[in-house]
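First comes the structure, then the notes that go with it.
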Amino acid sequence: MREVVLNAEGAKISQRTQRKHPKVFSASSAHPPRPLRSIIRWLTVASLAAALNAHALTITDDRGINVTLEKSPQRIVSLLPSLTETVCELGQCGRLVGVDRYSNFPQQVRTLPQVGGGIDPNIEAVVALRPDVVLMATSSRGAQRLEALGLKVVAMEPKTAADARRVMGKLGQLLEVPDAGRIWRAIDAGVSAAAQSLPARAKNTTVYYEVSTGGYAAGTTSFIGELMQRLGLKNIVAGELGPFPRINPEYVVRADPAIIMVGSRNALGLEQRPGWAGMRAVREKRVCVFTADESDVLVRPGPRMAEAARLMVRCVTEKAP
Amino acid sequence: MSARRGIALGLVLLLAAGSALLVGAGVGSTGFSSVLNARQDPIAWQIVWDIRLPRTLGAWMAGALLGLAGAVAQGLFRNPLADPYLLGSASGAALGVGLALALFGASPFATQWLVRLGLTGAAFVGAVGGVLLTLALANGVLHTLRLLLAGVIVGVVLGAARDLVTLAVPDILQAMQAFMLGSTGFVGWTACGVMAAVLVPMLAIAWALGRMLDGLALGESTASSLGVPLAAMRAALVAVLALSTGAAVAQTGLIAFVGLAAPHLVRSIAPVTHGRLVVLSALMGGLLLMVADVLARWIIAPQELPVGVLTAVLGGSYLLWLMHKRSARGGML
């Protein structure tokens, strides 16, 4: 019982009911036997306390910090695009009152006030929005400052598909959206469907995905790498190199991927790299250049995973030999 | 003459800082209305009292620490190009922050420990660690050239180590960049208190050692023949340099140019002895960073510019103008 009665409110109620119950039973003529009476009392108290405690939410965030909120937050500031997207995917977009400057999906968050970047948020702009909770990345310095000012901060930084699922579960808990699990299963089914739709000739196609100029590749443990694996594509970057290893250009030439994927921001000068003109993907023009919006879908570990899978399948279907 | 000019400059700098503080209370994402509503609206009060005032004051204190450290460095090394980051504190702090960010979430133990230390703590430990490494490589504080060389080497090596860390964990690139540019946006009253607690004793020590710095300006052999206890003085000044820089860098990140420009600006206006120079440099550095902080949240409000960019533009252009004026008259800076 002590475990259930957590907050001051709950404790107060339990005392009151304890005082009331003897009266209730003495008014009725039939007294239940003593052990049964105590069980009934226990159950009433426990269920009352549980009902009240349903409003006191405790979430453990990615920093390992327990954040307790009196009730589900109504005013939310999100400082990470993938968290913004997850909140909206849960159907709670209306609760957002501010976002960071990189949050650009769905369309309706573009009209919200922007409070700087996730790493360099404008503290007073966040405070001025009076949020019940601020969602942000763990690597931001702003978290400590916002907490010192009395705001609730939940820091989460999804990096893989498993993270994205966990974050959606946590946010579902926080926002009291009971069907968060179902929403995730729908996304997951979308990925599976995309994998099914991949033509048989395209299975095991070798792919190189460059996340950023300077040769940063999507490794197998990254979100993009995981997606490739689920679709049945073969990443040329070995698993032990970490999520976003910086690859020597000649590694790519030697692996000679069938398809190169790259965002339009990083596509410039790809063919001019020494030795790359001879690669079959470049020679046969099997390079997928994703627009900036499409790149956002692909690199953000969030609820648009199924769309990311479809983008990748579209590319491979068009370009695979 | 020059003493009176120095006092006048000090007063002007303080007065300017006071007015910048007032402006700073009224500038930000919500503009001046927060000041007007501060009495009725608790959020507006919080914005003015808990955010704008401490960050403006904190910018002044970080700038003062850097200005002080710059004056000490230039006097200690008898080199007008010396700046507070010379002894490896900047690269040490950056490495500390990089390691903290990279290890964050790597294991539950490390995460728990890092949450307690914070990025501020990691930066301070890194900055002081960098200076200690330099001292170890230079075999103490006695040899100026060896100290400078060791500082440069430590800077390069720790910088490379930081690059390796960011290469291994590219997720932290953005956070690292924010730290390198510096920001006064996260300074609260606690940070102000910490910086004040460092600034006051460091200023007192540097002031007390001012006469010895004057003696050192005549050359090391002359100084020691005048009876200056070189070893003890150097150790004390290096400690002042390391702690002042570490305290400022930990709270605000690597803010460029304030430490280098502040002593030059003071010298160009009022040529004074070292005791006064360190105090005036602190006042000048404080004002410089404070004005930069106010402008940083004013120019593109409600967004913010990185304050380090503005200090470089402000201090740099003034210094350039000064140099041009002087060289037109046939002199050097």
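Residue numbering restarts at 1 in every chain; chains get A, B, ... in the order shown in the structure tokens, and ligands count up from 1 in that same order.
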* Might you pull out every residue within 9 Å of B:Val272, with only C-alpha atoms counted and same-chain residues fewer than 4 positions away left off, and present them as a list in words? =>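 With the cut-off at 9 Å, the set is Ser2, Ala3, Arg5, Gly6, Val266, Arg267, Arg276 and Leu277 of chain B.
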* Asked: Got a sec to pull out which chain A residues are within 6 Å of chain B, counting only C-alpha atoms, and send them as a ChimeraX atom specification?
  -> /A:116,119,124-125,145
Once you have the residues from the selection above, write them out as a PDB file, in the first residue's frame, restricted to N, CA and C atoms.
ATOM      1  N   GLY A 116      15.091  29.188 -30.870  1.00  0.00           N
ATOM      2  CA  GLY A 116      16.512  28.909 -31.069  1.00  0.00           C
ATOM      3  C   GLY A 116      16.749  27.455 -31.403  1.00  0.00           C
ATOM      4  N   ILE A 119      20.627  22.929 -29.326  1.00  0.00           N
ATOM      5  CA  ILE A 119      21.851  23.027 -28.545  1.00  0.00           C
ATOM      6  C   ILE A 119      21.977  24.407 -27.909  1.00  0.00           C
ATOM      7  N   GLU A 124      15.198  32.566 -22.239  1.00  0.00           N
ATOM      8  CA  GLU A 124      14.054  33.375 -21.811  1.00  0.00           C
ATOM      9  C   GLU A 124      12.870  33.214 -22.744  1.00  0.00           C
ATOM     10  N   ALA A 125      13.137  32.893 -24.012  1.00  0.00           N
ATOM     11  CA  ALA A 125      12.014  32.634 -24.925  1.00  0.00           C
ATOM     12  C   ALA A 125      11.271  31.373 -24.496  1.00  0.00           C
ATOM     13  N   ARG A 145      20.153  24.699 -16.990  1.00  0.00           N
ATOM     14  CA  ARG A 145      19.729  26.077 -16.770  1.00  0.00           C
ATOM     15  C   ARG A 145      18.204  26.165 -16.651  1.00  0.00           C
TER      16      ARG A 145
END
* To do: Would you return as a list in words the members of stretch 83-248 of chain A that DSSP assigns to strand (DSSP E) on this structure's backbone?
  =>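 Those in stretch 83-248 of chain A that DSSP calls strand (DSSP E) are Leu96, Val97, Gly98, Val99, Val133, Val134, Leu135, Met136, Val153, Val154, Ala155, Thr206, Val207, Tyr208, Tyr209, Glu210, Val211, Ser212, Tyr216, Ala217, Lys234 and Asn235 of chain A.
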* To do: Would you mind writing down, as number ranges by chain, each residue of stretch 39-136 of chain A that DSSP on the backbone assigns to alpha helix (DSSP H)?
  => A: 39-53, 81-89, 123-128
Would you output that residue set with C-alpha atoms, as a PDB file, in the first residue's frame?
ATOM      1  CA  ILE A  39      -9.170  -6.363   2.750  1.00  0.00           C
ATOM      2  CA  ILE A  40     -12.070  -4.284   1.465  1.00  0.00           C
ATOM      3  CA  ARG A  41     -10.657  -1.242   3.170  1.00  0.00           C
ATOM      4  CA  TRP A  42      -7.258  -1.908   1.688  1.00  0.00           C
ATOM      5  CA  LEU A  43      -8.713  -2.310  -1.781  1.00  0.00           C
ATOM      6  CA  THR A  44     -10.749   0.897  -1.556  1.00  0.00           C
ATOM      7  CA  VAL A  45      -7.799   2.889  -0.322  1.00  0.00           C
ATOM      8  CA  ALA A  46      -5.489   1.382  -2.881  1.00  0.00           C
ATOM      9  CA  SER A  47      -7.818   1.985  -5.788  1.00  0.00           C
ATOM     10  CA  LEU A  48      -8.572   5.541  -4.681  1.00  0.00           C
ATOM     11  CA  ALA A  49      -4.904   6.286  -4.239  1.00  0.00           C
ATOM     12  CA  ALA A  50      -4.107   4.691  -7.587  1.00  0.00           C
ATOM     13  CA  ALA A  51      -6.810   6.746  -9.295  1.00  0.00           C
ATOM     14  CA  LEU A  52      -5.354   9.933  -7.850  1.00  0.00           C
ATOM     15  CA  ASN A  53      -1.803   8.902  -8.516  1.00  0.00           C
ATOM     16  CA  PRO A  81      12.830  17.544 -34.387  1.00  0.00           C
ATOM     17  CA  SER A  82      12.360  13.817 -33.766  1.00  0.00           C
ATOM     18  CA  LEU A  83      10.645  14.528 -30.425  1.00  0.00           C
ATOM     19  CA  THR A  84       8.414  17.144 -32.086  1.00  0.00           C
ATOM     20  CA  GLU A  85       7.419  14.593 -34.721  1.00  0.00           C
ATOM     21  CA  THR A  86       6.734  11.938 -32.102  1.00  0.00           C
ATOM     22  CA  VAL A  87       4.467  14.265 -30.091  1.00  0.00           C
ATOM     23  CA  CYS A  88       2.513  15.050 -33.267  1.00  0.00           C
ATOM     24  CA  GLU A  89       2.368  11.396 -34.330  1.00  0.00           C
ATOM     25  CA  ILE A 123      16.337  30.419 -22.387  1.00  0.00           C
ATOM     26  CA  GLU A 124      14.054  33.375 -21.811  1.00  0.00           C
ATOM     27  CA  ALA A 125      12.014  32.634 -24.925  1.00  0.00           C
ATOM     28  CA  VAL A 126      11.387  29.134 -23.533  1.00  0.00           C
ATOM     29  CA  VAL A 127      10.433  30.491 -20.099  1.00  0.00           C
ATOM     30  CA  ALA A 128       8.144  33.106 -21.659  1.00  0.00           C
TER      31      ALA A 128
END
Please build the interface table for stretch 159-242 of chain B against stretch 61-84 of chain B with a cut-off of 7 Å, listing for each qualifying residue the nearest atom pair and the distance in Å to one decimal; count only C-alpha atoms, order rows by chain and increasing number, and write it as JSON lines.
{"residue": "B:Met195", "atom": "CA", "partner": "B:Met61", "partner_atom": "CA", "distance": 6.4}
{"residue": "B:Ala196", "atom": "CA", "partner": "B:Met61", "partner_atom": "CA", "distance": 6.8}
{"residue": "B:Leu199", "atom": "CA", "partner": "B:Leu65", "partner_atom": "CA", "distance": 6.1}
{"residue": "B:Leu213", "atom": "CA", "partner": "B:Gly75", "partner_atom": "CA", "distance": 6.1}
{"residue": "B:Ala217", "atom": "CA", "partner": "B:Arg78", "partner_atom": "CA", "distance": 6.4}
{"residue": "B:Leu237", "atom": "CA", "partner": "B:Val72", "partner_atom": "CA", "distance": 6.9}
{"residue": "B:Leu241", "atom": "CA", "partner": "B:Ala69", "partner_atom": "CA", "distance": 4.9}
Would you save the residues of that selection, restricted to N, CA and C atoms, as a tab-separated table (two decimals), in the first residue's frame?
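Final output, saved to result.tsv:
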chain	number	residue	atom	x	y	z
B	195	MET	N	31.68	32.80	-10.40
B	195	MET	CA	32.65	33.66	-11.09
B	195	MET	C	33.09	34.81	-10.20
B	196	ALA	N	32.16	35.37	-9.43
B	196	ALA	CA	32.53	36.46	-8.52
B	196	ALA	C	33.51	35.96	-7.48
B	199	LEU	N	36.75	35.82	-9.23
B	199	LEU	CA	37.23	37.11	-9.73
B	199	LEU	C	37.85	37.96	-8.63
B	213	LEU	N	55.29	42.74	-11.78
B	213	LEU	CA	55.15	42.67	-13.24
B	213	LEU	C	55.85	43.87	-13.88
B	217	ALA	N	58.94	43.63	-16.56
B	217	ALA	CA	58.93	44.27	-17.87
B	217	ALA	C	60.32	44.76	-18.25
B	237	LEU	N	51.16	33.89	-10.59
B	237	LEU	CA	50.51	34.47	-11.77
B	237	LEU	C	49.93	33.39	-12.68
B	241	LEU	N	46.13	33.00	-13.82
B	241	LEU	CA	45.79	32.83	-15.23
B	241	LEU	C	44.90	31.60	-15.43
* Asked: Which of these residues is nearest to B:Ile205, using only C-alpha atoms: B:Leu283, B:Ala236, B:Leu22, B:Val313?
  ->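 With only C-alpha atoms as the atom set, the closest residue is B:Ala236.
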* Structure fact -> re atom CA of B:Arg211 and atom CA of B:Leu135: distance 24.1 Å
* Asked: Expressed in Å to a single decimal, how great is the separation between atom CA of B:Leu103 and atom CA of B:Val165?
  ->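 These two atoms are separated by 9.8 Å.
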* Could you name the residues that touch A:Gly242 at 10 Å or less, counting only C-alpha atoms, but leaving out those on the same chain fewer than 6 positions away, as a VMD selection string? -> (chain A and resid 217 to 222) or (chain B and resid 168 to 169)
Just-selected residues, N, CA and C atoms written as a PDB file, in the first residue's frame:
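Saved file out-v2.pdb follows:
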ATOM      1  N   ALA A 217      29.845   8.245 -43.161  1.00  0.00           N
ATOM      2  CA  ALA A 217      28.914   7.272 -43.721  1.00  0.00           C
ATOM      3  C   ALA A 217      27.927   6.816 -42.657  1.00  0.00           C
ATOM      4  N   ALA A 218      26.793   6.290 -43.114  1.00  0.00           N
ATOM      5  CA  ALA A 218      25.852   5.685 -42.177  1.00  0.00           C
ATOM      6  C   ALA A 218      26.299   4.257 -41.916  1.00  0.00           C
ATOM      7  N   GLY A 219      26.741   3.975 -40.699  1.00  0.00           N
ATOM      8  CA  GLY A 219      27.185   2.633 -40.337  1.00  0.00           C
ATOM      9  C   GLY A 219      26.001   1.721 -40.078  1.00  0.00           C
ATOM     10  N   THR A 220      26.278   0.434 -39.855  1.00  0.00           N
ATOM     11  CA  THR A 220      25.177  -0.518 -39.674  1.00  0.00           C
ATOM     12  C   THR A 220      24.431  -0.288 -38.369  1.00  0.00           C
ATOM     13  N   THR A 221      25.097   0.319 -37.368  1.00  0.00           N
ATOM     14  CA  THR A 221      24.412   0.519 -36.091  1.00  0.00           C
ATOM     15  C   THR A 221      23.634   1.833 -36.053  1.00  0.00           C
ATOM     16  N   SER A 222      23.717   2.620 -37.116  1.00  0.00           N
ATOM     17  CA  SER A 222      22.945   3.864 -37.151  1.00  0.00           C
ATOM     18  C   SER A 222      21.508   3.561 -37.544  1.00  0.00           C
TER      19      SER A 222
ATOM     20  N   ALA B 168      35.023  10.031 -33.412  1.00  0.00           N
ATOM     21  CA  ALA B 168      34.476   8.752 -32.963  1.00  0.00           C
ATOM     22  C   ALA B 168      32.980   8.877 -32.673  1.00  0.00           C
ATOM     23  N   VAL B 169      32.555  10.025 -32.189  1.00  0.00           N
ATOM     24  CA  VAL B 169      31.136  10.233 -31.854  1.00  0.00           C
ATOM     25  C   VAL B 169      30.640  11.503 -32.545  1.00  0.00           C
TER      26      VAL B 169
END
* Find the residues around B:Ala138 up to 12 Å (only C-alpha atoms counted), leave out those fewer than 3 positions away in its own chain, and share them as a list in words. =>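 What passes the distance filter is Leu87, Val131, Leu132, Leu133, Thr134, Leu135, Val141, Leu142, His143, Thr144, Leu145, Arg146, Leu147, Leu148, Leu149, Ala150, Gly151, Val152, Ile153 and Val154 of chain B.
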Take the residues from that selection and put them in a file with C-alpha atoms, as a CSV table (one decimal), in the first residue's frame.
chain,number,residue,atom,x,y,z
B,87,LEU,CA,48.8,27.6,-21.6
B,131,VAL,CA,47.5,24.1,-17.7
B,132,LEU,CA,48.9,21.5,-15.3
B,133,LEU,CA,50.0,19.4,-18.3
B,134,THR,CA,51.7,22.4,-19.7
B,135,LEU,CA,53.5,23.0,-16.4
B,141,VAL,CA,57.2,28.0,-14.4
B,142,LEU,CA,60.7,29.3,-14.6
B,143,HIS,CA,61.5,29.3,-18.2
B,144,THR,CA,59.3,31.6,-20.3
B,145,LEU,CA,60.1,30.2,-23.7
B,146,ARG,CA,59.7,26.6,-22.5
B,147,LEU,CA,56.4,27.5,-21.0
B,148,LEU,CA,55.1,29.1,-24.2
B,149,LEU,CA,56.3,26.2,-26.3
B,150,ALA,CA,54.8,23.6,-23.9
B,151,GLY,CA,51.5,25.6,-24.0
B,152,VAL,CA,51.4,25.5,-27.8
B,153,ILE,CA,52.2,21.8,-27.9
B,154,VAL,CA,49.6,21.0,-25.3
* Exercise: A:Ile236 partners within 9 Å, only C-alpha atoms, chain neighbours under 2 positions left out, as a ChimeraX atom specification -> /A:206-209,219-220,234,238,252,255-257
* Using only C-alpha atoms, which residues sit within 9 Å of A:Pro113 once same-chain residues fewer than 5 positions away are excluded, as a PyMOL selection string? -> chain A and resi 97-101+125+129
* Asked: B:Gly316: which residues within 12 Å, counting only C-alpha atoms, same-chain residues fewer than 3 positions away excluded, as a PyMOL selection string?
  -> chain B and resi 256-262+264-265+288+308-313+319-323
Keeping N, CA and C atoms for every residue in the selection just given, could you write it to a file as a PDB file, in the first residue's frame?
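Resulting contents of selection.pdb:
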ATOM      1  N   ALA B 256      36.103  34.269 -27.821  1.00  0.00           N
ATOM      2  CA  ALA B 256      37.323  34.696 -28.496  1.00  0.00           C
ATOM      3  C   ALA B 256      37.638  36.151 -28.211  1.00  0.00           C
ATOM      4  N   PHE B 257      38.905  36.466 -28.192  1.00  0.00           N
ATOM      5  CA  PHE B 257      39.380  37.825 -28.412  1.00  0.00           C
ATOM      6  C   PHE B 257      39.282  38.786 -27.237  1.00  0.00           C
ATOM      7  N   VAL B 258      38.380  38.541 -26.271  1.00  0.00           N
ATOM      8  CA  VAL B 258      38.242  39.496 -25.159  1.00  0.00           C
ATOM      9  C   VAL B 258      39.555  39.619 -24.400  1.00  0.00           C
ATOM     10  N   GLY B 259      40.150  38.463 -24.084  1.00  0.00           N
ATOM     11  CA  GLY B 259      41.373  38.466 -23.298  1.00  0.00           C
ATOM     12  C   GLY B 259      42.523  39.126 -24.013  1.00  0.00           C
ATOM     13  N   LEU B 260      42.563  38.987 -25.330  1.00  0.00           N
ATOM     14  CA  LEU B 260      43.649  39.599 -26.103  1.00  0.00           C
ATOM     15  C   LEU B 260      43.419  41.098 -26.263  1.00  0.00           C
ATOM     16  N   ALA B 261      42.173  41.471 -26.543  1.00  0.00           N
ATOM     17  CA  ALA B 261      41.901  42.866 -26.907  1.00  0.00           C
ATOM     18  C   ALA B 261      41.839  43.791 -25.699  1.00  0.00           C
ATOM     19  N   ALA B 262      41.283  43.304 -24.575  1.00  0.00           N
ATOM     20  CA  ALA B 262      41.038  44.200 -23.440  1.00  0.00           C
ATOM     21  C   ALA B 262      42.304  44.943 -22.975  1.00  0.00           C
ATOM     22  N   HIS B 264      45.008  45.645 -24.586  1.00  0.00           N
ATOM     23  CA  HIS B 264      45.442  46.571 -25.640  1.00  0.00           C
ATOM     24  C   HIS B 264      44.596  47.832 -25.641  1.00  0.00           C
ATOM     25  N   LEU B 265      43.290  47.634 -25.511  1.00  0.00           N
ATOM     26  CA  LEU B 265      42.393  48.787 -25.501  1.00  0.00           C
ATOM     27  C   LEU B 265      42.729  49.702 -24.333  1.00  0.00           C
ATOM     28  N   LEU B 288      33.222  44.814 -22.574  1.00  0.00           N
ATOM     29  CA  LEU B 288      33.224  44.298 -23.943  1.00  0.00           C
ATOM     30  C   LEU B 288      32.260  43.117 -24.082  1.00  0.00           C
ATOM     31  N   GLY B 308      30.511  34.879 -28.984  1.00  0.00           N
ATOM     32  CA  GLY B 308      31.924  34.904 -29.340  1.00  0.00           C
ATOM     33  C   GLY B 308      32.174  35.569 -30.691  1.00  0.00           C
ATOM     34  N   VAL B 309      31.214  35.391 -31.609  1.00  0.00           N
ATOM     35  CA  VAL B 309      31.347  36.014 -32.926  1.00  0.00           C
ATOM     36  C   VAL B 309      31.346  37.535 -32.774  1.00  0.00           C
ATOM     37  N   LEU B 310      30.472  38.020 -31.895  1.00  0.00           N
ATOM     38  CA  LEU B 310      30.363  39.467 -31.718  1.00  0.00           C
ATOM     39  C   LEU B 310      31.577  40.066 -31.027  1.00  0.00           C
ATOM     40  N   THR B 311      32.127  39.354 -30.020  1.00  0.00           N
ATOM     41  CA  THR B 311      33.313  39.914 -29.358  1.00  0.00           C
ATOM     42  C   THR B 311      34.440  40.071 -30.352  1.00  0.00           C
ATOM     43  N   ALA B 312      34.586  39.083 -31.243  1.00  0.00           N
ATOM     44  CA  ALA B 312      35.656  39.165 -32.238  1.00  0.00           C
ATOM     45  C   ALA B 312      35.421  40.346 -33.169  1.00  0.00           C
ATOM     46  N   VAL B 313      34.178  40.524 -33.608  1.00  0.00           N
ATOM     47  CA  VAL B 313      33.878  41.627 -34.524  1.00  0.00           C
ATOM     48  C   VAL B 313      34.075  42.979 -33.829  1.00  0.00           C
ATOM     49  N   LEU B 319      40.223  47.475 -32.532  1.00  0.00           N
ATOM     50  CA  LEU B 319      41.683  47.349 -32.489  1.00  0.00           C
ATOM     51  C   LEU B 319      42.292  47.702 -33.842  1.00  0.00           C
ATOM     52  N   LEU B 320      41.625  47.257 -34.891  1.00  0.00           N
ATOM     53  CA  LEU B 320      42.115  47.517 -36.241  1.00  0.00           C
ATOM     54  C   LEU B 320      42.107  49.017 -36.529  1.00  0.00           C
ATOM     55  N   TRP B 321      41.019  49.669 -36.127  1.00  0.00           N
ATOM     56  CA  TRP B 321      40.882  51.106 -36.330  1.00  0.00           C
ATOM     57  C   TRP B 321      41.991  51.854 -35.582  1.00  0.00           C
ATOM     58  N   LEU B 322      42.233  51.376 -34.354  1.00  0.00           N
ATOM     59  CA  LEU B 322      43.264  51.983 -33.510  1.00  0.00           C
ATOM     60  C   LEU B 322      44.632  51.848 -34.163  1.00  0.00           C
ATOM     61  N   MET B 323      44.901  50.643 -34.674  1.00  0.00           N
ATOM     62  CA  MET B 323      46.188  50.361 -35.292  1.00  0.00           C
ATOM     63  C   MET B 323      46.382  51.245 -36.513  1.00  0.00           C
TER      64      MET B 323
END
